[in-house]
Amino acid sequence: MSIIPSIDEKAAANNAKDYLKQFKGWQLISLRVDDSDPRATDQEQLEHTMAISELKARQHIIAAVSKVDQANGIILDQRFIKQHRTKATLAELAAHRYKITEGNFYHRQRKALLMAYKLMH
């Protein structure tokens, strides 16, 4: 039995998608407490700090993917951080001079998610 975890591409893409989609939840947690709020409990400060760390981790993944392939970074940011629909994401890609058809978009999205998955671990 191998000690290397095996995971199929579909499961890896879904794991990356779920991880990136958690951005909004962590963002809400981070906004609960203001950094300068003296009434915040230690637990609230801890949750705030953890949320900021989680947000930065996701942003670093997007930035790393963007360095390798800017279009894939735009796809991840638009779809899973900003939670835009496919059409809006295609419009954003076109604004950056990337001409991707809707049919090819899902292939690119999966490729971007797999890149993100590799960076998660």
# chains A, B, ... in the order shown; residues from 1 in each chain; ligands from 1
call {"tool": "residues_around", "arguments": {"residues": "region 37-53 of chain A", "least_positions_apart": "2", "cutoff": "12 Å", "atoms": "only C-alpha atoms", "output": "PyMOL selection string"}}
result
chain A and resi 22-35+55-60
call {"tool": "write_last_selection", "arguments": {"atoms": "C-alpha atoms", "output": "mmCIF file, in the first residue's frame"}}
result
data_model
loop_
_atom_site.group_PDB
_atom_site.id
_atom_site.type_symbol
_atom_site.label_atom_id
_atom_site.label_comp_id
_atom_site.auth_asym_id
_atom_site.auth_seq_id
_atom_site.Cartn_x
_atom_site.Cartn_y
_atom_site.Cartn_z
ATOM 1 C CA GLN A 22 -14.862 29.170 1.944
ATOM 2 C CA PHE A 23 -13.375 32.632 1.317
ATOM 3 C CA LYS A 24 -16.727 34.378 1.852
ATOM 4 C CA GLY A 25 -17.323 32.613 5.171
ATOM 5 C CA TRP A 26 -13.869 33.520 6.470
ATOM 6 C CA GLN A 27 -14.419 37.062 5.250
ATOM 7 C CA LEU A 28 -17.609 37.331 7.291
ATOM 8 C CA ILE A 29 -15.820 36.008 10.374
ATOM 9 C CA SER A 30 -13.002 38.511 9.884
ATOM 10 C CA LEU A 31 -15.485 41.385 9.756
ATOM 11 C CA ARG A 32 -17.140 40.511 13.071
ATOM 12 C CA VAL A 33 -14.378 42.152 15.067
ATOM 13 C CA ASP A 34 -12.587 45.392 14.329
ATOM 14 C CA ASP A 35 -8.834 45.272 15.007
ATOM 15 C CA LEU A 55 -8.202 34.682 3.705
ATOM 16 C CA LYS A 56 -4.529 35.319 2.981
ATOM 17 C CA ALA A 57 -3.911 31.619 2.292
ATOM 18 C CA ARG A 58 -6.607 31.613 -0.384
ATOM 19 C CA GLN A 59 -5.360 34.880 -1.868
ATOM 20 C CA HIS A 60 -1.814 33.488 -2.038
#
call {"tool": "atom_distance", "arguments": {"atom1": "CA of Tyr19 (chain A)", "atom2": "CA of Lys99 (chain A)"}}
result
27.2 Å
call {"tool": "select_by_dssp", "arguments": {"residues": "region 8-105 of chain A", "states": "alpha helix (DSSP H)", "output": "PyMOL selection string"}}
result
chain A and resi 9-21+23-31+42-68+70-76+86-95+102-105
call {"tool": "residues_around", "arguments": {"residues": "region 79-89 of chain A", "least_positions_apart": "6", "cutoff": "7 Å", "atoms": "only C-alpha atoms", "output": "mmCIF file with all heavy atoms, in the first residue's frame"}}
result
data_model
loop_
_atom_site.group_PDB
_atom_site.id
_atom_site.type_symbol
_atom_site.label_atom_id
_atom_site.label_comp_id
_atom_site.auth_asym_id
_atom_site.auth_seq_id
_atom_site.Cartn_x
_atom_site.Cartn_y
_atom_site.Cartn_z
ATOM 1 N N LYS A 17 -12.245 23.597 -5.125
ATOM 2 C CA LYS A 17 -13.419 24.469 -5.255
ATOM 3 C C LYS A 17 -14.017 24.760 -3.889
ATOM 4 O O LYS A 17 -14.299 25.921 -3.554
ATOM 5 C CB LYS A 17 -14.458 23.783 -6.151
ATOM 6 C CG LYS A 17 -15.677 24.623 -6.457
ATOM 7 C CD LYS A 17 -16.744 23.841 -7.202
ATOM 8 C CE LYS A 17 -16.278 23.262 -8.494
ATOM 9 N NZ LYS A 17 -17.369 22.626 -9.262
ATOM 10 N N LEU A 20 -11.687 27.129 -1.873
ATOM 11 C CA LEU A 20 -11.728 28.518 -2.326
ATOM 12 C C LEU A 20 -13.067 29.178 -2.020
ATOM 13 O O LEU A 20 -13.120 30.361 -1.675
ATOM 14 C CB LEU A 20 -11.415 28.605 -3.816
ATOM 15 C CG LEU A 20 -9.983 28.229 -4.201
ATOM 16 C CD1 LEU A 20 -9.839 28.167 -5.717
ATOM 17 C CD2 LEU A 20 -8.971 29.189 -3.598
ATOM 18 N N LYS A 21 -14.144 28.416 -2.098
ATOM 19 C CA LYS A 21 -15.469 28.972 -1.811
ATOM 20 C C LYS A 21 -15.634 29.364 -0.341
ATOM 21 O O LYS A 21 -16.502 30.156 -0.003
ATOM 22 C CB LYS A 21 -16.572 27.977 -2.193
ATOM 23 C CG LYS A 21 -16.872 27.937 -3.659
ATOM 24 C CD LYS A 21 -18.019 26.982 -3.920
ATOM 25 C CE LYS A 21 -18.541 27.079 -5.320
ATOM 26 N NZ LYS A 21 -19.698 26.192 -5.530
ATOM 27 N N PHE A 23 -13.869 31.260 1.183
ATOM 28 C CA PHE A 23 -13.375 32.632 1.317
ATOM 29 C C PHE A 23 -14.441 33.545 1.911
ATOM 30 O O PHE A 23 -14.172 34.299 2.846
ATOM 31 C CB PHE A 23 -12.922 33.161 -0.048
ATOM 32 C CG PHE A 23 -12.281 34.521 0.019
ATOM 33 C CD1 PHE A 23 -10.923 34.640 0.240
ATOM 34 C CD2 PHE A 23 -13.023 35.676 -0.142
ATOM 35 C CE1 PHE A 23 -10.316 35.890 0.308
ATOM 36 C CE2 PHE A 23 -12.441 36.924 -0.080
ATOM 37 C CZ PHE A 23 -11.074 37.035 0.150
#
call {"tool": "residues_around", "arguments": {"residues": "Lys118 (chain A)", "least_positions_apart": "3", "cutoff": "10 Å", "atoms": "only C-alpha atoms", "output": "PyMOL selection string"}}
result
chain A and resi 12-13+16+61+113-115+121
call {"tool": "write_last_selection", "arguments": {"atoms": "N, CA and C atoms", "output": "CSV table (one decimal), in the first residue's frame"}}
result
chain,number,residue,atom,x,y,z
A,12,ALA,N,-10.1,16.1,-6.6
A,12,ALA,CA,-9.1,17.1,-6.3
A,12,ALA,C,-9.7,18.5,-6.7
A,13,ALA,N,-10.4,18.6,-7.9
A,13,ALA,CA,-11.0,19.8,-8.3
A,13,ALA,C,-12.1,20.2,-7.4
A,16,ALA,N,-10.5,21.6,-4.1
A,16,ALA,CA,-10.0,23.0,-4.4
A,16,ALA,C,-11.2,24.0,-4.4
A,61,ILE,N,-2.9,31.5,-2.9
A,61,ILE,CA,-3.1,30.5,-4.0
A,61,ILE,C,-3.5,31.1,-5.3
A,113,LEU,N,-8.4,24.8,-11.1
A,113,LEU,CA,-8.7,24.1,-9.8
A,113,LEU,C,-7.6,23.1,-9.4
A,114,LEU,N,-7.2,22.3,-10.4
A,114,LEU,CA,-6.1,21.4,-10.1
A,114,LEU,C,-4.8,22.0,-9.8
A,115,MET,N,-4.5,23.2,-10.4
A,115,MET,CA,-3.3,23.9,-10.0
A,115,MET,C,-3.5,24.4,-8.6
A,121,HIS,N,-1.6,21.8,-0.8
A,121,HIS,CA,-0.9,20.8,0.0
A,121,HIS,C,0.6,20.9,0.0
call {"tool": "residues_around", "arguments": {"residues": "Ala71 (chain A)", "least_positions_apart": "3", "cutoff": "10 Å", "atoms": "only C-alpha atoms", "output": "JSON list (two decimals) with N, CA and C atoms, in the first residue's frame"}}
result
[["chain", "number", "residue", "atom", "x", "y", "z"],
["A", 65, "VAL", "N", -1.28, 30.92, -8.76],
["A", 65, "VAL", "CA", -1.84, 30.42, -10.02],
["A", 65, "VAL", "C", -1.74, 31.50, -11.09],
["A", 66, "SER", "N", -2.00, 32.74, -10.72],
["A", 66, "SER", "CA", -1.94, 33.86, -11.67],
["A", 66, "SER", "C", -0.54, 34.05, -12.24],
["A", 67, "LYS", "N", 0.48, 33.80, -11.41],
["A", 67, "LYS", "CA", 1.86, 33.93, -11.89],
["A", 67, "LYS", "C", 2.17, 32.92, -12.98],
["A", 68, "VAL", "N", 1.60, 31.73, -12.85],
["A", 68, "VAL", "CA", 1.83, 30.67, -13.83],
["A", 68, "VAL", "C", 0.94, 30.88, -15.06],
["A", 74, "ILE", "N", -7.56, 34.50, -13.00],
["A", 74, "ILE", "CA", -8.79, 35.29, -13.14],
["A", 74, "ILE", "C", -10.01, 34.38, -12.95],
["A", 75, "ILE", "N", -9.96, 33.21, -13.54],
["A", 75, "ILE", "CA", -11.08, 32.26, -13.40],
["A", 75, "ILE", "C", -11.32, 31.92, -11.94],
["A", 76, "LEU", "N", -10.26, 31.57, -11.22],
["A", 76, "LEU", "CA", -10.42, 31.21, -9.80],
["A", 76, "LEU", "C", -10.94, 32.38, -8.98],
["A", 77, "ASP", "N", -10.39, 33.56, -9.22],
["A", 77, "ASP", "CA", -10.81, 34.74, -8.47],
["A", 77, "ASP", "C", -12.26, 35.08, -8.75],
["A", 92, "GLU", "N", -14.91, 39.18, -17.92],
["A", 92, "GLU", "CA", -13.69, 39.65, -17.26],
["A", 92, "GLU", "C", -12.44, 39.14, -18.00],
["A", 93, "LEU", "N", -12.50, 37.89, -18.44],
["A", 93, "LEU", "CA", -11.39, 37.35, -19.22],
["A", 93, "LEU", "C", -11.22, 38.12, -20.53],
["A", 94, "ALA", "N", -12.33, 38.43, -21.18],
["A", 94, "ALA", "CA", -12.28, 39.20, -22.43],
["A", 94, "ALA", "C", -11.71, 40.59, -22.18],
["A", 96, "HIS", "N", -9.45, 41.29, -20.21],
["A", 96, "HIS", "CA", -8.00, 41.11, -20.10],
["A", 96, "HIS", "C", -7.43, 40.49, -21.38],
["A", 97, "ARG", "N", -8.22, 40.51, -22.44],
["A", 97, "ARG", "CA", -7.82, 40.03, -23.78],
["A", 97, "ARG", "C", -7.60, 38.51, -23.85],
["A", 98, "TYR", "N", -8.36, 37.77, -23.06],
["A", 98, "TYR", "CA", -8.35, 36.31, -23.15],
["A", 98, "TYR", "C", -9.65, 35.89, -23.82],
["A", 99, "LYS", "N", -9.52, 35.30, -24.97],
["A", 99, "LYS", "CA", -10.71, 34.85, -25.70],
["A", 99, "LYS", "C", -10.88, 33.36, -25.45],
["A", 100, "ILE", "N", -11.79, 33.05, -24.56],
["A", 100, "ILE", "CA", -12.06, 31.67, -24.19],
["A", 100, "ILE", "C", -13.53, 31.41, -24.45],
["A", 108, "ARG", "N", -10.73, 24.90, -18.76],
["A", 108, "ARG", "CA", -9.77, 25.81, -18.13],
["A", 108, "ARG", "C", -10.03, 25.93, -16.63],
["A", 109, "GLN", "N", -11.29, 25.96, -16.25],
["A", 109, "GLN", "CA", -11.64, 26.06, -14.83],
["A", 109, "GLN", "C", -11.14, 24.84, -14.08],
["A", 112, "ALA", "N", -7.43, 25.09, -13.69],
["A", 112, "ALA", "CA", -7.12, 26.08, -12.65],
["A", 112, "ALA", "C", -7.34, 25.49, -11.26]]
call {"tool": "atom_distance", "arguments": {"atom1": "CA of Leu119 (chain A)", "atom2": "CA of Glu9 (chain A)"}}
result
14.4 Å
